[in-house]
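Here's start23.csv, which has CSV, C-alpha atoms:
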```csv
chain,number,residue,atom,x,y,z
A,13,MET,CA,100.4,174.1,91.2
A,14,LEU,CA,98.2,173.7,94.3
A,15,CYS,CA,95.8,171.5,92.3
A,16,SER,CA,98.7,169.4,91.2
A,17,TYR,CA,99.9,169.0,94.8
A,18,ARG,CA,96.4,168.0,96.1
A,19,ALA,CA,96.1,165.5,93.3
A,20,MET,CA,99.4,163.9,94.3
A,21,VAL,CA,98.3,163.7,98.0
A,22,ARG,CA,95.0,162.2,96.9
A,23,LEU,CA,96.9,159.6,94.7
A,24,PHE,CA,99.2,158.8,97.6
A,25,PHE,CA,96.2,158.1,100.0
A,26,ILE,CA,94.5,155.9,97.4
A,27,ILE,CA,97.7,153.8,97.0
A,28,LEU,CA,98.1,153.7,100.8
A,29,VAL,CA,94.5,152.5,101.4
A,30,THR,CA,94.7,150.0,98.6
A,31,CYS,CA,97.9,148.5,100.0
A,32,ALA,CA,96.4,148.4,103.5
A,33,GLY,CA,93.3,146.7,102.1
A,34,TRP,CA,95.4,144.0,100.5
A,35,SER,CA,97.5,143.3,103.5
A,36,ALA,CA,94.4,143.1,105.8
A,37,THR,CA,92.7,140.6,103.5
A,38,PRO,CA,93.1,137.0,104.7
A,39,PRO,CA,94.9,134.9,102.1
A,40,ARG,CA,92.7,132.4,100.4
A,41,ALA,CA,93.3,128.7,100.8
A,42,SER,CA,93.4,128.3,97.1
A,43,ARG,CA,96.9,130.0,97.0
A,44,GLN,CA,100.1,128.2,97.7
A,45,SER,CA,100.8,128.2,101.4
A,46,GLY,CA,104.6,128.7,101.0
A,47,SER,CA,104.4,132.2,99.7
A,48,ARG,CA,101.8,133.2,102.3
A,49,LYS,CA,104.0,132.7,105.3
A,50,GLU,CA,105.9,135.9,104.6
A,51,THR,CA,102.8,138.0,103.7
A,52,ALA,CA,100.5,137.0,106.6
A,53,THR,CA,99.8,139.9,108.9
A,54,PRO,CA,100.5,139.5,112.6
A,55,ALA,CA,96.7,139.3,113.3
A,56,THR,CA,96.4,136.5,110.7
A,57,ARG,CA,99.3,134.7,112.0
A,58,GLU,CA,97.9,134.8,115.5
A,59,ALA,CA,94.6,133.4,114.4
A,60,GLY,CA,96.4,130.8,112.4
A,61,LEU,CA,98.5,129.7,115.4
A,62,ALA,CA,95.3,129.5,117.5
A,63,ALA,CA,93.8,127.3,114.9
A,64,TRP,CA,96.9,125.2,114.7
A,65,GLN,CA,96.8,124.6,118.5
A,66,GLN,CA,93.3,123.1,118.0
A,67,VAL,CA,94.7,120.9,115.2
A,68,TYR,CA,97.6,119.9,117.4
A,69,SER,CA,95.2,118.8,120.2
A,70,VAL,CA,93.7,116.3,117.8
A,71,LEU,CA,96.9,115.1,116.2
A,72,THR,CA,98.4,114.2,119.6
A,73,HIS,CA,95.4,112.3,120.8
A,74,PRO,CA,96.0,108.6,121.1
A,75,ARG,CA,93.5,107.9,118.4
A,76,CYS,CA,95.9,109.6,116.0
A,77,ILE,CA,99.3,109.3,117.5
A,78,ASN,CA,99.1,105.6,118.1
A,79,CYS,CA,99.8,105.2,114.4
A,80,HIS,CA,102.2,108.1,114.1
A,81,THR,CA,104.9,106.4,116.2
A,82,ALA,CA,108.6,106.7,116.0
A,83,THR,CA,108.9,103.0,116.7
A,84,ASN,CA,109.0,99.8,114.8
A,85,TYR,CA,105.5,99.0,116.0
A,86,PRO,CA,102.1,100.6,116.4
A,87,GLN,CA,100.6,101.5,119.8
A,88,GLN,CA,97.2,100.8,121.3
A,89,GLY,CA,94.8,102.3,123.9
A,90,ASP,CA,94.7,105.6,125.6
A,91,ASP,CA,97.9,104.6,127.5
A,92,ARG,CA,99.6,104.1,124.1
A,93,HIS,CA,101.0,100.8,125.0
A,94,ARG,CA,102.8,98.7,122.5
A,95,HIS,CA,100.5,96.9,120.1
A,96,LEU,CA,99.9,93.3,121.3
A,97,PHE,CA,100.7,90.2,119.3
A,98,ASN,CA,104.2,91.2,118.3
A,99,VAL,CA,102.9,93.4,115.5
A,100,VAL,CA,105.7,95.2,113.7
A,101,ARG,CA,105.7,98.2,111.2
A,102,GLY,CA,107.0,96.3,108.2
A,103,PRO,CA,108.5,97.9,105.0
A,104,GLU,CA,105.3,99.7,104.0
A,105,GLY,CA,103.8,100.4,107.4
A,106,LYS,CA,101.3,97.6,107.0
A,107,GLY,CA,103.0,94.9,109.0
A,108,VAL,CA,104.6,91.9,107.4
A,109,PRO,CA,103.3,88.9,105.4
A,110,GLY,CA,101.4,86.7,107.8
A,111,LEU,CA,100.9,89.5,110.2
A,112,ASN,CA,99.7,92.5,108.3
A,113,CYS,CA,97.5,95.2,109.7
A,114,ALA,CA,94.7,93.7,107.6
A,115,THR,CA,95.2,90.4,109.4
A,116,CYS,CA,92.8,91.8,111.9
A,117,HIS,CA,91.8,95.4,110.9
A,118,GLN,CA,89.1,95.3,108.2
A,119,GLY,CA,87.5,98.0,106.2
A,120,ALA,CA,85.2,99.1,109.1
A,121,ASN,CA,85.0,98.7,112.8
A,122,ALA,CA,84.1,95.2,113.8
A,123,ASP,CA,81.5,96.0,116.4
A,124,SER,CA,80.9,92.4,117.5
A,125,THR,CA,84.6,91.7,118.2
A,126,GLY,CA,85.9,95.2,119.1
A,127,VAL,CA,88.6,95.4,116.4
A,128,PRO,CA,88.8,98.9,114.9
A,129,GLY,CA,88.9,99.2,111.2
A,130,ALA,CA,88.9,101.5,108.2
A,131,HIS,CA,90.0,101.3,104.6
A,132,ASN,CA,93.8,100.7,104.2
A,133,TRP,CA,94.7,100.5,107.9
A,134,HIS,CA,98.4,101.3,108.2
A,135,LEU,CA,101.0,103.2,110.1
A,136,ALA,CA,102.0,106.7,109.2
A,137,PRO,CA,105.5,106.9,107.7
A,138,LEU,CA,108.3,107.6,110.1
A,139,SER,CA,108.7,111.0,108.5
A,140,MET,CA,105.3,111.8,110.1
A,141,LYS,CA,106.3,110.5,113.6
A,142,TRP,CA,104.7,112.7,116.3
A,143,GLN,CA,106.6,111.3,119.2
A,144,ASP,CA,110.2,110.5,120.0
A,145,LEU,CA,111.8,107.1,120.7
A,146,ASN,CA,111.1,107.7,124.4
A,147,ASP,CA,107.4,107.9,123.7
A,148,LYS,CA,107.3,111.6,124.4
A,149,ILE,CA,104.9,113.5,122.2
A,150,LEU,CA,106.7,116.1,120.1
A,151,SER,CA,106.1,119.8,120.7
A,152,SER,CA,103.6,121.8,118.8
A,153,ALA,CA,106.4,123.5,116.9
A,154,GLU,CA,108.1,120.3,116.0
A,155,ILE,CA,105.0,118.6,114.7
A,156,CYS,CA,104.0,121.7,112.8
A,157,ARG,CA,107.4,121.9,111.1
A,158,SER,CA,107.2,118.2,110.1
A,159,LEU,CA,103.6,118.5,108.9
A,160,THR,CA,104.4,121.5,106.7
A,161,ASP,CA,107.7,120.0,105.3
A,162,ARG,CA,106.8,118.8,101.9
A,163,SER,CA,109.9,116.6,101.8
A,164,LYS,CA,108.3,114.7,104.7
A,165,ASN,CA,104.6,114.9,104.1
A,166,HIS,CA,104.2,113.3,100.7
A,167,ASN,CA,104.6,116.7,99.1
A,168,LEU,CA,101.3,118.0,100.4
A,169,ASP,CA,100.7,121.8,100.3
A,170,GLY,CA,98.2,123.4,102.7
A,171,LEU,CA,95.3,122.4,100.5
A,172,GLY,CA,96.6,118.9,100.4
A,173,LEU,CA,96.8,118.8,104.2
A,174,LEU,CA,93.2,120.1,104.4
A,175,LYS,CA,92.0,117.4,102.0
A,176,HIS,CA,93.8,114.8,104.0
A,177,HIS,CA,92.1,115.9,107.2
A,178,GLU,CA,88.7,116.1,105.4
A,179,GLU,CA,88.7,112.8,103.5
A,180,GLU,CA,91.4,110.3,104.5
A,181,PRO,CA,89.5,107.2,105.8
A,182,LEU,CA,91.9,106.7,108.7
A,183,VAL,CA,91.4,110.3,109.8
A,184,LEU,CA,87.7,109.9,109.6
A,185,TRP,CA,87.9,106.7,111.6
A,186,ALA,CA,89.5,108.6,114.5
A,187,PHE,CA,86.3,110.6,114.9
A,188,GLN,CA,84.2,107.4,115.0
A,189,PRO,CA,86.5,104.9,116.7
A,190,GLY,CA,83.9,102.5,117.9
A,191,HIS,CA,84.3,100.5,121.0
A,192,SER,CA,86.6,97.9,122.6
A,193,ARG,CA,85.9,94.2,122.9
A,194,ASP,CA,84.4,94.8,126.4
A,195,GLY,CA,81.9,97.3,125.0
A,196,THR,CA,83.7,100.4,126.3
A,197,ALA,CA,83.6,103.2,123.8
A,198,ARG,CA,87.0,104.4,122.7
A,199,SER,CA,87.8,107.9,123.9
A,200,LEU,CA,86.9,110.6,121.4
A,201,LEU,CA,89.0,113.4,120.0
A,202,PRO,CA,88.7,116.8,121.6
A,203,LEU,CA,87.1,118.2,118.4
A,204,THR,CA,84.4,117.0,116.1
A,205,HIS,CA,85.4,116.3,112.6
A,206,ASP,CA,83.7,119.5,111.4
A,207,GLU,CA,85.6,121.5,114.0
A,208,PHE,CA,88.8,119.8,113.1
A,209,VAL,CA,88.4,120.6,109.4
A,210,ALA,CA,87.4,124.2,110.2
A,211,ALA,CA,90.5,124.6,112.4
A,212,THR,CA,92.7,123.1,109.6
A,213,ARG,CA,91.1,125.4,107.0
A,214,ALA,CA,91.7,128.5,109.2
A,215,TRP,CA,95.4,127.4,109.8
A,216,VAL,CA,95.9,126.8,106.0
A,217,GLU,CA,94.3,130.1,105.1
A,218,ALA,CA,96.6,131.9,107.5
A,219,GLY,CA,99.6,130.3,105.7
A,220,THR,CA,100.2,127.3,107.9
A,221,PRO,CA,102.1,129.3,110.5
A,222,CYS,CA,104.1,127.3,113.1
A,223,PRO,CA,104.9,128.3,116.6
A,224,GLN,CA,108.4,129.4,117.4
A,225,ASN,CA,110.7,127.0,119.3
A,226,PRO,CA,110.3,124.9,121.3
B,11,MET,CA,70.0,87.1,110.7
B,12,GLU,CA,71.4,87.8,107.3
B,13,ASN,CA,72.2,85.7,104.3
B,14,TYR,CA,75.8,85.6,103.1
B,15,LYS,CA,77.3,84.1,100.0
B,16,LEU,CA,80.9,83.1,100.6
B,17,THR,CA,83.6,81.6,98.4
B,18,VAL,CA,85.5,79.1,100.6
B,19,ASN,CA,88.3,77.1,99.0
B,20,GLY,CA,86.9,77.8,95.6
B,21,GLN,CA,83.4,76.7,96.4
B,22,ARG,CA,80.3,78.9,96.8
B,23,LYS,CA,78.7,78.6,100.2
B,24,GLU,CA,75.6,80.2,101.6
B,25,VAL,CA,74.9,80.8,105.3
B,26,THR,CA,72.3,82.6,107.3
B,27,VAL,CA,73.8,84.0,110.4
B,28,ASP,CA,74.0,87.1,112.6
B,29,PRO,CA,76.1,89.8,110.8
B,30,GLY,CA,78.4,90.0,113.8
B,31,THR,CA,79.3,86.3,113.8
B,32,PRO,CA,83.1,85.9,113.5
B,33,LEU,CA,84.1,84.1,110.4
B,34,LEU,CA,85.7,81.3,112.5
B,35,TRP,CA,82.3,80.3,113.8
B,36,VAL,CA,80.7,80.4,110.4
B,37,LEU,CA,83.4,78.0,109.2
B,38,ARG,CA,83.3,75.7,112.1
B,39,GLU,CA,79.7,75.7,113.1
B,40,ASP,CA,77.8,76.4,109.9
B,41,LEU,CA,80.1,75.0,107.3
B,42,LYS,CA,81.5,72.2,109.5
B,43,MET,CA,85.0,73.0,108.5
B,44,THR,CA,86.8,72.3,111.8
B,45,GLY,CA,90.4,72.5,110.6
B,46,THR,CA,90.5,76.1,111.6
B,47,LYS,CA,90.9,76.3,115.4
B,48,TYR,CA,89.6,78.4,118.2
B,49,GLY,CA,92.5,79.4,120.4
B,50,CYS,CA,92.1,82.7,122.2
B,51,GLY,CA,89.2,84.5,120.5
B,52,ILE,CA,91.1,87.8,120.5
B,53,ALA,CA,93.5,87.4,117.6
B,54,ALA,CA,96.4,86.8,120.0
B,55,CYS,CA,97.4,83.3,119.2
B,56,GLY,CA,96.9,82.7,115.5
B,57,ALA,CA,95.2,79.3,115.7
B,58,CYS,CA,92.2,80.7,113.7
B,59,THR,CA,94.3,82.0,110.8
B,60,VAL,CA,92.8,81.7,107.3
B,61,HIS,CA,93.4,83.6,104.1
B,62,VAL,CA,91.0,86.2,103.0
B,63,ALA,CA,91.9,87.5,99.5
B,64,GLY,CA,95.3,86.1,100.1
B,65,VAL,CA,95.9,87.9,103.3
B,66,ALA,CA,96.5,85.9,106.5
B,67,THR,CA,93.4,86.8,108.6
B,68,ARG,CA,92.5,86.1,112.2
B,69,SER,CA,89.0,84.6,111.6
B,70,CYS,CA,88.0,84.9,115.3
B,71,VAL,CA,87.8,88.7,115.2
B,72,VAL,CA,86.5,89.3,111.7
B,73,PRO,CA,82.7,89.4,111.5
B,74,VAL,CA,81.3,87.6,108.5
B,75,SER,CA,79.6,90.9,107.5
B,76,LEU,CA,83.0,92.4,106.7
B,77,ILE,CA,84.1,89.7,104.3
B,78,GLY,CA,82.2,90.9,101.3
B,79,ASP,CA,83.1,89.0,98.1
B,80,ARG,CA,86.7,88.3,99.0
B,81,PRO,CA,87.6,84.6,98.6
B,82,ILE,CA,88.5,82.6,101.7
B,83,VAL,CA,91.0,79.8,101.9
B,84,THR,CA,91.2,77.5,104.9
B,85,ILE,CA,93.6,74.8,106.0
B,86,GLU,CA,91.3,72.3,104.2
B,87,GLY,CA,92.0,74.0,100.9
B,88,ILE,CA,95.6,75.2,101.3
B,89,GLY,CA,97.0,72.0,99.9
B,90,GLN,CA,95.5,72.9,96.5
B,91,ASP,CA,97.9,75.9,96.4
B,92,PRO,CA,101.4,75.1,95.1
B,93,VAL,CA,103.1,76.9,98.0
B,94,GLY,CA,100.6,75.4,100.4
B,95,ARG,CA,101.4,71.9,99.2
B,96,VAL,CA,105.2,72.5,99.6
B,97,VAL,CA,104.6,73.8,103.1
B,98,GLN,CA,102.5,70.9,104.1
B,99,ASP,CA,105.0,68.5,102.7
B,100,ALA,CA,107.8,70.2,104.7
B,101,TRP,CA,105.6,70.0,107.8
B,102,VAL,CA,105.5,66.2,107.4
B,103,SER,CA,109.1,65.7,106.5
B,104,GLU,CA,110.3,67.8,109.4
B,105,ASP,CA,107.8,66.2,111.7
B,106,VAL,CA,106.8,69.6,113.1
B,107,VAL,CA,103.6,68.7,114.9
B,108,GLN,CA,103.3,67.8,118.5
B,109,CYS,CA,99.7,68.2,119.7
B,110,GLY,CA,98.8,69.9,116.5
B,111,TYR,CA,96.2,72.4,117.8
B,112,CYS,CA,98.0,75.5,116.5
B,113,GLN,CA,99.4,74.0,113.4
B,114,SER,CA,96.7,74.9,110.9
B,115,GLY,CA,97.1,78.5,111.8
B,116,GLN,CA,100.9,78.2,111.7
B,117,ILE,CA,100.7,76.7,108.2
B,118,MET,CA,98.4,79.4,107.0
B,119,SER,CA,100.7,82.1,108.2
B,120,VAL,CA,103.8,80.4,106.7
B,121,VAL,CA,102.1,80.2,103.3
B,122,ALA,CA,101.3,83.9,103.5
B,123,LEU,CA,104.9,84.6,104.4
B,124,LEU,CA,106.4,82.4,101.6
B,125,LYS,CA,104.1,83.7,98.9
B,126,ARG,CA,105.5,87.2,99.5
B,127,THR,CA,109.0,86.3,100.7
B,128,PRO,CA,110.0,82.9,99.2
B,129,LYS,CA,113.5,83.2,100.8
B,130,PRO,CA,112.9,84.5,104.2
B,131,THR,CA,115.6,85.5,106.7
B,132,ASP,CA,115.4,84.5,110.3
B,133,THR,CA,114.2,88.0,111.0
B,134,ASN,CA,111.4,87.7,108.4
B,135,ILE,CA,110.4,84.4,110.0
B,136,GLU,CA,110.4,85.8,113.5
B,137,GLN,CA,108.4,88.9,112.5
B,138,SER,CA,105.8,87.1,110.4
B,139,MET,CA,105.4,84.2,112.8
B,140,GLY,CA,105.7,86.2,116.0
B,141,GLY,CA,101.9,86.2,116.4
B,142,ASN,CA,101.4,82.5,116.1
B,143,ILE,CA,101.8,80.8,119.5
B,144,CYS,CA,102.6,77.1,120.0
B,145,ARG,CA,102.3,75.9,123.6
B,146,CYS,CA,104.1,72.7,122.7
B,147,GLY,CA,107.1,74.8,121.7
B,148,THR,CA,107.6,73.5,118.2
B,149,TYR,CA,109.1,76.8,117.1
B,150,VAL,CA,112.5,75.3,116.2
B,151,ARG,CA,110.9,72.7,114.0
B,152,ILE,CA,108.6,75.3,112.5
B,153,ARG,CA,111.6,77.3,111.5
B,154,GLU,CA,113.4,74.3,110.0
B,155,ALA,CA,110.3,73.4,108.1
B,156,ILE,CA,110.0,77.0,106.7
B,157,LYS,CA,113.5,76.8,105.5
B,158,ALA,CA,113.0,73.4,104.0
B,159,ALA,CA,109.9,74.6,102.2
B,160,SER,CA,111.7,77.8,101.1
B,161,GLN,CA,114.4,75.6,99.4
B,162,GLN,CA,111.7,74.0,97.3
B,163,LEU,CA,110.4,77.4,96.1
B,164,LYS,CA,111.9,79.5,93.3
```
Could you render the structure as structure tokens?
Amino acid sequence: MLCSYRAMVRLFFIILVTCAGWSATPPRASRQSGSRKETATPATREAGLAAWQQVYSVLTHPRCINCHTATNYPQQGDDRHRHLFNVVRGPEGKGVPGLNCATCHQGANADSTGVPGAHNWHLAPLSMKWQDLNDKILSSAEICRSLTDRSKNHNLDGLGLLKHHEEEPLVLWAFQPGHSRDGTARSLLPLTHDEFVAATRAWVEAGTPCPQNP
Amino acid sequence: MENYKLTVNGQRKEVTVDPGTPLLWVLREDLKMTGTKYGCGIAACGACTVHVAGVATRSCVVPVSLIGDRPIVTIEGIGQDPVGRVVQDAWVSEDVVQCGYCQSGQIMSVVALLKRTPKPTDTNIEQSMGGNICRCGTYVRIREAIKAASQQLK
């Protein structure tokens, strides 16, 4: 009887330790992010949110947000002024015939003339706007919600977002933005690309947690 | 200096220039094709517009090193294009030109517009042509010529 009781207690502890081990193990990025949100431990969520804030600091830099506008036109410069020359968004975010993004922006930075360039230069879709119509940058929570909403982000899961940040030519451009016509180097993002990818990976592995409102 | 092989108006051309040289100056200085004009040098006025792989392109800000093997069409060659021919005819019939300095760029932009949007609305015209400046103020006649050309296109 006593032996049977001890065996049950031992079994209970084994199950308890196993469960604790599972819950303390960080979720892998190879799993779907949607189901991880509910299973992330508070510690994991906290680390994920810290990583997200690093990602947010990059996304809201002019090098990124100038093409994630809420308006019918792109923006330019660190003061995020309206793009010169009456450039408009156009139906595909690439301008309009006769005045496309590619009218000036080529596949690489034009060092001799100061025009920035990268493959397939275009605006982000309006569903990925990171500012409001008054030019105010959206909050960390708002951008995080948009970014993780697969109805808005071209159906990207966490891994898809990570790949976007790792490989998209326009993202890569933002880390090597070249210089202006007068030779002044464009201001750089607050993180290196490696740091940005690492932060994105940590956020994705934590289940892409988003801050609470606001 | 680097050697570049370009296709301009269907013809192979070879130039040896600094890689950073804007296409505009390769056309004007090296190839002696002076129909494409220098206006502002910062892509703001549209006078230097040519087509690169069919895309209206501001040649004053595009270094020749970034052209690659994409074909170039200039105002000297646009009349070989059916839409280009229609536009040039409309320009004559509507007597668009005043001083004429900006007009090669205007025509190149219009051809790019009409190839993609054969029946443009006023908004289409304003958005596509909003980056081409004419100091003589021929905008009204430009609009009329675009509409006249549009009527000739299917």
Interface rows for chain A against chain B: nearest pair, Å to one decimal, 7 Å, only C-alpha atoms, as JSON lines:
```
{"residue": "A:Phe97", "atom": "CA", "partner": "B:Gly141", "partner_atom": "CA", "distance": 5.1}
{"residue": "A:Asn98", "atom": "CA", "partner": "B:Gly140", "partner_atom": "CA", "distance": 5.7}
{"residue": "A:Val100", "atom": "CA", "partner": "B:Gln137", "partner_atom": "CA", "distance": 7.0}
{"residue": "A:Val108", "atom": "CA", "partner": "B:Ser138", "partner_atom": "CA", "distance": 5.8}
{"residue": "A:Pro109", "atom": "CA", "partner": "B:Leu123", "partner_atom": "CA", "distance": 4.7}
{"residue": "A:Gly110", "atom": "CA", "partner": "B:Ser119", "partner_atom": "CA", "distance": 4.7}
{"residue": "A:Leu111", "atom": "CA", "partner": "B:Ser138", "partner_atom": "CA", "distance": 5.5}
{"residue": "A:Thr115", "atom": "CA", "partner": "B:Thr67", "partner_atom": "CA", "distance": 4.1}
{"residue": "A:Cys116", "atom": "CA", "partner": "B:Arg68", "partner_atom": "CA", "distance": 5.7}
{"residue": "A:Gln118", "atom": "CA", "partner": "B:Leu76", "partner_atom": "CA", "distance": 6.9}
{"residue": "A:Ala122", "atom": "CA", "partner": "B:Pro73", "partner_atom": "CA", "distance": 6.4}
{"residue": "A:Ser124", "atom": "CA", "partner": "B:Gly30", "partner_atom": "CA", "distance": 5.1}
{"residue": "A:Thr125", "atom": "CA", "partner": "B:Val71", "partner_atom": "CA", "distance": 5.3}
{"residue": "A:Val127", "atom": "CA", "partner": "B:Val71", "partner_atom": "CA", "distance": 6.9}
```
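Taking CA of Cys113 in chain A and CA of Val99 in chain A as endpoints, the distance between them is 8.1 Å.
CA of His80 in chain A lies 14.0 Å from CA of Gly102 in chain A.
We find CA of Lys164 in chain B and CA of Trp101 in chain B to be spaced 18.4 Å apart.
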Residues within 12 Å of (106.1, 70.7, 123.1), file coordinates, counting only C-alpha atoms: what are they? Give the list as a CSV table (one decimal) with C-alpha atoms, keeping the file's coordinate frame.
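Produced file selection.csv, reproduced below:
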```csv
chain,number,residue,atom,x,y,z
B,106,VAL,CA,106.8,69.6,113.1
B,107,VAL,CA,103.6,68.7,114.9
B,108,GLN,CA,103.3,67.8,118.5
B,109,CYS,CA,99.7,68.2,119.7
B,110,GLY,CA,98.8,69.9,116.5
B,111,TYR,CA,96.2,72.4,117.8
B,112,CYS,CA,98.0,75.5,116.5
B,143,ILE,CA,101.8,80.8,119.5
B,144,CYS,CA,102.6,77.1,120.0
B,145,ARG,CA,102.3,75.9,123.6
B,146,CYS,CA,104.1,72.7,122.7
B,147,GLY,CA,107.1,74.8,121.7
B,148,THR,CA,107.6,73.5,118.2
B,149,TYR,CA,109.1,76.8,117.1
B,150,VAL,CA,112.5,75.3,116.2
B,151,ARG,CA,110.9,72.7,114.0
B,152,ILE,CA,108.6,75.3,112.5
```
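If you measure from each of A:Ala120, A:Ala55, A:Ala82, A:Val67 to Asp144 in chain A using all atoms listed in the file, the closest one turns out to be A:Ala82.
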Spatial neighbours of Thr81 in chain A, 7 Å, all atoms listed in the file, chain gap at least 3 places, as number ranges by chain: A: 77-78, 86, 141-143
Of the candidates B:Ala159, B:Leu33, B:Val83, B:Val96, which one gets nearest to Asn19 in chain B if we count only C-alpha atoms? B:Val83
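Proximity to Lys47 in chain B was assessed for B:Val102, B:Val18, B:Leu163, B:Ile85 counting only C-alpha atoms; the smallest distance is recorded for B:Ile85.
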